[in-house]
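Raw entry23.csv, CSV, C-alpha atoms:
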```csv
chain,number,residue,atom,x,y,z
N,172,MET,CA,-89.9,-84.4,75.1
N,173,GLU,CA,-91.3,-84.6,71.6
N,174,VAL,CA,-93.1,-81.7,70.1
N,175,THR,CA,-95.3,-82.0,67.1
N,176,LEU,CA,-96.1,-78.6,65.5
N,177,VAL,CA,-99.1,-78.7,63.1
N,178,HIS,CA,-100.6,-76.1,60.8
N,179,VAL,CA,-104.2,-77.0,59.8
N,180,LYS,CA,-105.6,-76.0,56.4
N,181,PRO,CA,-108.1,-73.0,56.4
N,182,GLY,CA,-111.6,-74.3,57.0
N,183,GLN,CA,-110.5,-77.6,58.4
N,184,GLU,CA,-110.0,-76.8,62.0
N,185,GLN,CA,-113.2,-78.2,63.4
N,186,ALA,CA,-112.9,-81.4,61.3
N,187,TYR,CA,-109.3,-81.7,62.6
N,188,GLN,CA,-110.3,-81.2,66.2
N,189,ASP,CA,-113.1,-83.7,65.9
N,190,TRP,CA,-110.7,-86.2,64.3
N,191,GLN,CA,-108.2,-85.8,67.1
N,192,LYS,CA,-110.9,-86.4,69.8
N,193,SER,CA,-112.9,-89.2,68.2
N,194,THR,CA,-110.4,-91.1,66.1
N,195,ALA,CA,-106.7,-90.2,66.6
N,196,ASN,CA,-106.4,-90.1,70.4
N,197,PRO,CA,-108.2,-93.4,70.9
N,198,VAL,CA,-105.8,-95.0,68.5
N,199,ARG,CA,-102.8,-93.5,70.3
N,200,ILE,CA,-104.1,-94.7,73.6
N,201,LYS,CA,-104.6,-98.2,72.2
N,202,GLY,CA,-101.0,-98.1,70.9
N,203,GLY,CA,-99.7,-97.3,74.4
N,204,VAL,CA,-99.6,-93.5,74.5
N,205,LYS,CA,-100.2,-92.4,78.1
N,206,GLU,CA,-99.6,-88.6,77.9
N,207,ARG,CA,-99.9,-86.0,75.2
N,208,GLY,CA,-100.6,-82.3,75.9
N,209,ALA,CA,-102.3,-80.2,73.3
N,210,TRP,CA,-102.2,-76.4,72.9
N,211,SER,CA,-103.8,-74.3,70.2
N,212,THR,CA,-102.5,-70.8,69.2
N,213,SER,CA,-104.9,-68.0,70.1
N,214,LEU,CA,-102.7,-65.1,69.1
N,215,GLY,CA,-100.3,-66.0,66.3
N,216,PRO,CA,-100.5,-68.1,63.1
N,217,GLY,CA,-104.0,-69.4,62.5
N,218,GLY,CA,-104.7,-73.1,62.6
N,219,GLU,CA,-101.6,-73.8,64.7
N,220,TYR,CA,-101.4,-76.6,67.3
N,221,TYR,CA,-98.6,-77.9,69.5
N,222,PHE,CA,-98.7,-81.4,70.9
N,223,VAL,CA,-96.1,-82.3,73.6
N,224,SER,CA,-95.3,-85.9,74.6
N,225,PRO,CA,-92.7,-87.3,77.0
N,226,ILE,CA,-90.3,-89.9,75.6
N,227,THR,CA,-88.0,-92.3,77.5
N,228,GLY,CA,-85.2,-91.7,75.1
N,229,LEU,CA,-84.3,-92.1,71.4
N,230,SER,CA,-84.6,-95.8,71.8
N,231,SER,CA,-88.4,-95.4,72.0
N,232,TYR,CA,-88.4,-94.7,68.2
N,233,ASP,CA,-87.0,-98.2,67.6
N,234,THR,CA,-90.2,-99.8,68.9
N,235,PRO,CA,-93.3,-99.2,66.7
N,236,PRO,CA,-96.7,-99.0,68.4
N,237,SER,CA,-98.5,-102.4,68.7
N,238,ASN,CA,-101.2,-101.2,66.4
N,239,GLN,CA,-98.9,-99.8,63.8
N,240,ALA,CA,-100.9,-100.7,60.7
N,241,GLU,CA,-104.1,-99.3,62.2
N,242,ALA,CA,-102.4,-96.1,63.3
N,243,ALA,CA,-100.9,-95.6,59.9
N,244,ALA,CA,-104.3,-95.9,58.2
N,245,VAL,CA,-105.9,-93.5,60.7
N,246,PHE,CA,-103.2,-90.9,60.4
N,247,GLU,CA,-103.2,-91.0,56.6
N,248,LYS,CA,-106.7,-89.5,56.8
N,249,SER,CA,-105.2,-86.3,58.4
N,250,ARG,CA,-103.4,-85.4,55.2
N,251,SER,CA,-106.4,-83.7,53.7
N,252,MET,CA,-106.7,-81.5,56.8
N,253,VAL,CA,-103.0,-80.7,57.5
N,254,ALA,CA,-101.0,-78.1,55.6
N,255,ASP,CA,-97.7,-79.0,57.2
N,256,ALA,CA,-96.3,-80.6,60.4
N,257,ARG,CA,-92.9,-80.7,62.1
N,258,ILE,CA,-91.6,-83.0,64.8
N,259,TYR,CA,-88.7,-82.0,67.0
N,260,LEU,CA,-87.3,-82.7,70.4
N,261,ILE,CA,-86.8,-80.3,73.3
N,262,THR,CA,-84.9,-80.7,76.5
N,263,ALA,CA,-86.3,-79.2,79.7
N,264,ARG,CA,-84.0,-76.7,81.5
N,265,PRO,CA,-85.3,-76.8,85.0
N,266,GLU,CA,-82.4,-74.7,86.4
N,267,LEU,CA,-83.8,-71.8,84.3
N,268,SER,CA,-87.4,-72.5,85.0
N,269,VAL,CA,-89.9,-71.6,87.8
N,270,ALA,CA,-92.1,-74.6,88.2
N,271,PRO,CA,-95.9,-74.0,88.8
N,272,LYS,CA,-97.4,-75.4,92.0
N,273,PRO,CA,-97.9,-79.2,92.1
N,274,GLY,CA,-101.2,-80.1,90.4
N,275,TYR,CA,-101.5,-76.8,88.6
N,276,GLN,CA,-103.8,-77.0,85.6
N,277,ALA,CA,-102.4,-75.2,82.5
N,278,LYS,CA,-104.8,-72.7,80.9
N,279,VAL,CA,-103.2,-69.8,79.0
N,280,ALA,CA,-99.5,-69.3,78.2
N,281,VAL,CA,-97.2,-67.0,76.3
N,282,LEU,CA,-94.6,-68.9,74.3
N,283,SER,CA,-91.5,-67.0,73.4
N,284,THR,CA,-89.2,-68.7,70.9
N,285,GLN,CA,-85.7,-67.1,70.9
N,286,ASN,CA,-82.9,-67.9,68.6
N,287,VAL,CA,-79.6,-67.2,70.4
N,288,SER,CA,-76.6,-65.9,68.5
N,289,PRO,CA,-73.8,-68.5,68.0
N,290,GLY,CA,-71.4,-68.4,71.0
N,291,ARG,CA,-73.7,-66.4,73.2
N,292,VAL,CA,-75.7,-69.2,74.9
N,293,SER,CA,-73.9,-68.9,78.2
N,294,ALA,CA,-74.6,-65.1,78.3
N,295,TYR,CA,-78.2,-65.8,77.3
N,296,THR,CA,-78.9,-68.4,80.0
N,297,ALA,CA,-77.4,-66.2,82.7
N,298,ASN,CA,-79.7,-63.4,81.7
N,299,LEU,CA,-82.7,-65.7,81.4
N,300,LYS,CA,-82.1,-67.1,84.9
N,301,ALA,CA,-82.3,-63.6,86.3
N,302,LEU,CA,-85.3,-62.8,84.2
N,303,THR,CA,-87.3,-65.9,85.3
N,304,ALA,CA,-86.5,-65.0,89.0
N,305,VAL,CA,-88.2,-61.7,88.4
N,306,VAL,CA,-91.2,-63.3,86.6
N,307,ALA,CA,-91.7,-65.5,89.6
N,308,LYS,CA,-92.5,-62.4,91.6
N,309,THR,CA,-95.4,-61.4,89.3
N,310,ASN,CA,-98.9,-62.9,88.7
N,311,ALA,CA,-97.5,-65.6,86.3
N,312,LYS,CA,-98.1,-69.1,87.5
N,313,GLY,CA,-94.9,-70.6,86.3
N,314,VAL,CA,-92.1,-70.4,83.7
N,315,LEU,CA,-91.0,-73.5,81.8
N,316,VAL,CA,-87.8,-73.2,79.8
N,317,SER,CA,-86.6,-75.7,77.2
N,318,GLN,CA,-84.0,-76.0,74.5
N,319,SER,CA,-84.6,-77.4,71.1
N,320,GLY,CA,-82.7,-80.4,69.9
N,321,LEU,CA,-83.0,-83.0,67.1
N,322,GLY,CA,-85.4,-81.8,64.4
N,323,GLY,CA,-84.9,-78.2,65.5
N,324,ASP,CA,-82.2,-75.5,66.1
N,325,PRO,CA,-80.0,-76.2,69.2
N,326,ASN,CA,-79.6,-72.4,69.6
N,327,GLU,CA,-83.3,-72.1,70.0
N,328,PHE,CA,-84.8,-71.7,73.5
N,329,ASN,CA,-88.5,-71.9,74.3
N,330,VAL,CA,-89.9,-69.9,77.2
N,331,LEU,CA,-93.5,-70.7,78.3
N,332,VAL,CA,-95.0,-68.3,80.8
N,333,MET,CA,-98.2,-69.6,82.3
N,334,PHE,CA,-101.3,-67.6,83.4
N,335,ASP,CA,-104.8,-68.4,84.7
N,336,SER,CA,-106.5,-66.2,82.2
N,337,PHE,CA,-106.2,-63.5,79.5
N,338,ALA,CA,-107.1,-61.0,82.2
N,339,ASP,CA,-104.1,-62.1,84.2
N,340,LEU,CA,-101.9,-61.8,81.0
N,341,ASP,CA,-103.3,-58.2,80.6
N,342,ARG,CA,-102.0,-57.3,84.1
N,343,PHE,CA,-98.6,-59.0,83.6
N,344,PRO,CA,-96.7,-56.1,81.9
N,345,ALA,CA,-97.3,-53.7,84.8
N,346,GLU,CA,-96.5,-56.4,87.4
N,347,PHE,CA,-93.3,-57.3,85.5
N,348,ALA,CA,-92.2,-53.7,85.2
N,349,LYS,CA,-92.7,-53.2,89.0
N,350,ALA,CA,-90.8,-56.4,89.8
N,351,SER,CA,-87.9,-55.8,87.4
N,352,THR,CA,-87.5,-52.3,88.8
N,353,ALA,CA,-87.4,-53.6,92.4
N,354,ALA,CA,-84.9,-56.3,91.4
N,355,LYS,CA,-82.8,-53.8,89.4
N,356,LEU,CA,-82.9,-56.1,86.4
N,357,PRO,CA,-80.3,-54.8,83.9
N,358,PRO,CA,-81.3,-54.5,80.2
N,359,GLU,CA,-80.2,-57.4,78.0
N,360,ALA,CA,-76.9,-56.7,76.1
N,361,ALA,CA,-77.3,-56.3,72.4
N,362,GLY,CA,-76.4,-59.1,70.1
N,363,ILE,CA,-77.3,-62.1,72.3
N,364,VAL,CA,-80.7,-62.9,70.8
N,365,GLY,CA,-81.0,-62.9,67.0
N,366,ARG,CA,-84.7,-63.3,66.7
N,367,THR,CA,-87.7,-63.7,69.0
N,368,ASN,CA,-91.3,-64.8,68.2
N,369,TYR,CA,-94.2,-64.6,70.5
N,370,ARG,CA,-97.4,-66.6,70.6
N,371,VAL,CA,-100.3,-66.8,73.0
N,372,LEU,CA,-101.4,-70.4,73.5
N,373,ARG,CA,-104.5,-72.0,75.1
N,374,TYR,CA,-104.2,-75.4,76.7
N,375,ARG,CA,-106.7,-77.9,75.2
N,376,PRO,CA,-107.6,-80.6,77.6
N,377,ASP,CA,-110.3,-81.8,75.1
N,378,LEU,CA,-107.5,-82.6,72.6
N,379,SER,CA,-105.0,-84.0,75.2
N,380,ILE,CA,-104.3,-87.4,76.5
N,381,VAL,CA,-104.0,-87.0,80.3
N,382,PRO,CA,-102.2,-89.6,82.4
N,383,ALA,CA,-104.2,-91.4,85.0
N,384,ARG,CA,-103.7,-90.1,88.5
```

Mind converting the file's structure to structure tokens?
Amino acid sequence: MEVTLVHVKPGQEQAYQDWQKSTANPVRIKGGVKERGAWSTSLGPGGEYYFVSPITGLSSYDTPPSNQAEAAAVFEKSRSMVADARIYLITARPELSVAPKPGYQAKVAVLSTQNVSPGRVSAYTANLKALTAVVAKTNAKGVLVSQSGLGGDPNEFNVLVMFDSFADLDRFPAEFAKASTAAKLPPEAAGIVGRTNYRVLRYRPDLSIVPAR
């Protein structure tokens, strides 16, 4: 999966969203893009967007879009609106995840980005597997775990916990405490995770390219 993380300049968010909907996404679709999920950060850095697209492999970067010249001209226009952007790859870790029900429509999610200390990945994944099993017994609708790769830090894990609403997110801590007590979940050993960042994201179907069903 390819992730594009964008920070939009202050005062340019509405213009950027309008550009995505009316100009950029139609050009992407014309160039062959069939799926691109969009998320905006509700709690966290302002003007932040995540765009997630499946790729068939690194060889896909060898083939430019059929409308490359048109796309380049269109995306050049975004420079006046974007403060910075980063593209990196992630690998899904389904064995650590709890998939939402088939057909589930994403709405709100908490993204936890965790940098694991060198040499502690095995211990981290063992703890995370036990943790996601407990989260599955709460009101969360799914837990998607991925590991960053090219363009990012291979010791970085991304944990996306999905909810139907902010009200459900508000109830989650109490449900998690109850479930973790029942499961006798042990506390995480010190020194495994070096740094953790949390964001609350909202799925943006209006900025996404949704595959035909």

Using only C-alpha atoms, I'd like a table of the residues in region 288-328 of chain N that come within 12 Å of region 342-362 of chain N; for each, show the closest atom pair and its distance in Å rounded to one decimal, ordered by chain and ascending number, as JSON lines.
```
{"residue": "N:Ser288", "atom": "CA", "partner": "N:Gly362", "partner_atom": "CA", "distance": 7.0}
{"residue": "N:Pro289", "atom": "CA", "partner": "N:Gly362", "partner_atom": "CA", "distance": 10.0}
{"residue": "N:Gly290", "atom": "CA", "partner": "N:Gly362", "partner_atom": "CA", "distance": 10.6}
{"residue": "N:Arg291", "atom": "CA", "partner": "N:Gly362", "partner_atom": "CA", "distance": 8.4}
{"residue": "N:Val292", "atom": "CA", "partner": "N:Gly362", "partner_atom": "CA", "distance": 11.2}
{"residue": "N:Ala294", "atom": "CA", "partner": "N:Ala360", "partner_atom": "CA", "distance": 9.0}
{"residue": "N:Tyr295", "atom": "CA", "partner": "N:Glu359", "partner_atom": "CA", "distance": 8.7}
{"residue": "N:Thr296", "atom": "CA", "partner": "N:Glu359", "partner_atom": "CA", "distance": 11.3}
{"residue": "N:Ala297", "atom": "CA", "partner": "N:Glu359", "partner_atom": "CA", "distance": 10.4}
{"residue": "N:Asn298", "atom": "CA", "partner": "N:Glu359", "partner_atom": "CA", "distance": 7.1}
{"residue": "N:Leu299", "atom": "CA", "partner": "N:Glu359", "partner_atom": "CA", "distance": 9.3}
{"residue": "N:Lys300", "atom": "CA", "partner": "N:Leu356", "partner_atom": "CA", "distance": 11.1}
{"residue": "N:Ala301", "atom": "CA", "partner": "N:Leu356", "partner_atom": "CA", "distance": 7.5}
{"residue": "N:Leu302", "atom": "CA", "partner": "N:Leu356", "partner_atom": "CA", "distance": 7.4}
{"residue": "N:Thr303", "atom": "CA", "partner": "N:Ser351", "partner_atom": "CA", "distance": 10.3}
{"residue": "N:Ala304", "atom": "CA", "partner": "N:Ala354", "partner_atom": "CA", "distance": 9.2}
{"residue": "N:Val305", "atom": "CA", "partner": "N:Ser351", "partner_atom": "CA", "distance": 6.0}
{"residue": "N:Val306", "atom": "CA", "partner": "N:Phe347", "partner_atom": "CA", "distance": 6.5}
{"residue": "N:Ala307", "atom": "CA", "partner": "N:Ala350", "partner_atom": "CA", "distance": 9.1}
{"residue": "N:Lys308", "atom": "CA", "partner": "N:Ala350", "partner_atom": "CA", "distance": 6.5}
{"residue": "N:Thr309", "atom": "CA", "partner": "N:Glu346", "partner_atom": "CA", "distance": 5.5}
{"residue": "N:Asn310", "atom": "CA", "partner": "N:Phe343", "partner_atom": "CA", "distance": 6.4}
{"residue": "N:Ala311", "atom": "CA", "partner": "N:Phe343", "partner_atom": "CA", "distance": 7.2}
{"residue": "N:Lys312", "atom": "CA", "partner": "N:Phe343", "partner_atom": "CA", "distance": 10.8}
```

**Report entry** Residue among N:Tyr369, N:Ile261, N:Tyr275, N:Pro376 lying closest to Glu327 (chain N), counting all atoms listed in the file
**Finding:** N:Ile261

Query - d(CA of Pro235 (chain N), CA of Ile380 (chain N)) in Å - result: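 Separating CA of Pro235 (chain N) from CA of Ile380 (chain N) is a distance of 18.9 Å.
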
Query raised in the report: Could you work out how far CA of Asp335 (chain N) lies from CA of Leu176 (chain N), giving the answer in Å with one decimal?
Result: 23.4 Å

Query raised in the report: Using only C-alpha atoms, which of N:Tyr220, N:Trp210, N:Tyr232, N:Phe328 sits nearest Arg366 (chain N)?
Result: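 The answer is N:Phe328, which sits nearest to Arg366 (chain N).
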
Requested in this report: Counting all atoms listed in the file, write as a ChimeraX atom specification all protein and nucleic acid residues lying at most 7 Å from (-87.6, -83.7, 73.0) in the file's frame.
Outcome: /N:172-174,259-262,320

Query - Separation of CA of Val314 (chain N) from CA of Ile363 (chain N), in Å and rounded to one decimal - result: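 Taking CA of Val314 (chain N) as the start and CA of Ile363 (chain N) as the end point, the length is 20.4 Å.
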
Report task. Rank nothing, just name the residue among N:Asp189, N:Glu184, N:Glu247, N:Glu206 nearest to Pro382 (chain N), using only C-alpha atoms. Result ->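 Nearest to Pro382 (chain N): N:Glu206.
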
Query raised in the report: Which of these residues is nearest to Ser237 (chain N), using all atoms listed in the file: N:Pro216, N:Tyr187, N:Arg207, N:Arg199?
Result: N:Arg199

Query raised in the report: Quick one: residues within 8 Å of Val279 (chain N), all atoms listed in the file counted, chain neighbours fewer than 2 positions away excluded, as a list in words?
Result: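 So, after excluding close chain neighbours, the residues are Ala277, Val281, Met333, Phe334, Asp335, Ser336, Phe337, Val371, Leu372, Arg373 and Tyr374 of chain N.
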
Report task. Within 7 Å of Ala209 (chain N), counting all atoms listed in the file, which residues show up once you throw out same-chain ones fewer than 4 positions away? Write them as number ranges by chain, please. Result -> N: 221-223, 374-376, 378-379

Write a file of the just-selected residues containing C-alpha atoms, as an mmCIF file, in the frame of the given file.
```cif
data_model
loop_
_atom_site.group_PDB
_atom_site.id
_atom_site.type_symbol
_atom_site.label_atom_id
_atom_site.label_comp_id
_atom_site.auth_asym_id
_atom_site.auth_seq_id
_atom_site.Cartn_x
_atom_site.Cartn_y
_atom_site.Cartn_z
ATOM 1 C CA TYR N 221 -98.600 -77.900 69.500
ATOM 2 C CA PHE N 222 -98.700 -81.400 70.900
ATOM 3 C CA VAL N 223 -96.100 -82.300 73.600
ATOM 4 C CA TYR N 374 -104.200 -75.400 76.700
ATOM 5 C CA ARG N 375 -106.700 -77.900 75.200
ATOM 6 C CA PRO N 376 -107.600 -80.600 77.600
ATOM 7 C CA LEU N 378 -107.500 -82.600 72.600
ATOM 8 C CA SER N 379 -105.000 -84.000 75.200
#
```

Query raised in the report: Smallest atom-to-atom distance to Gly322 (chain N): which of N:Asn368, N:Ser213, N:Ser249, N:Thr175, using all atoms listed in the file?
Result: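 Distance minimum relative to Gly322 (chain N) lands on N:Thr175.
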
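Comparing N:Leu315, N:Ser211, N:Val198, N:Asp233 by their smallest distance to Arg264 (chain N), the closest is N:Leu315 (using only C-alpha atoms).
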
Query raised in the report: Could you pull the residues within 6 Å of His178 (chain N), counting only C-alpha atoms, minus those fewer than 6 positions along the same chain, as JSON, numbers by chain?
Result: {"N": [218, 219, 254, 255]}

Keeping C-alpha atoms, export the residues of the selection given above as a PDB file, in the frame of the given file.
```pdb
ATOM      1  CA  GLY N 218    -104.700 -73.100  62.600  1.00  0.00           C
ATOM      2  CA  GLU N 219    -101.600 -73.800  64.700  1.00  0.00           C
ATOM      3  CA  ALA N 254    -101.000 -78.100  55.600  1.00  0.00           C
ATOM      4  CA  ASP N 255     -97.700 -79.000  57.200  1.00  0.00           C
TER       5      ASP N 255
END
```
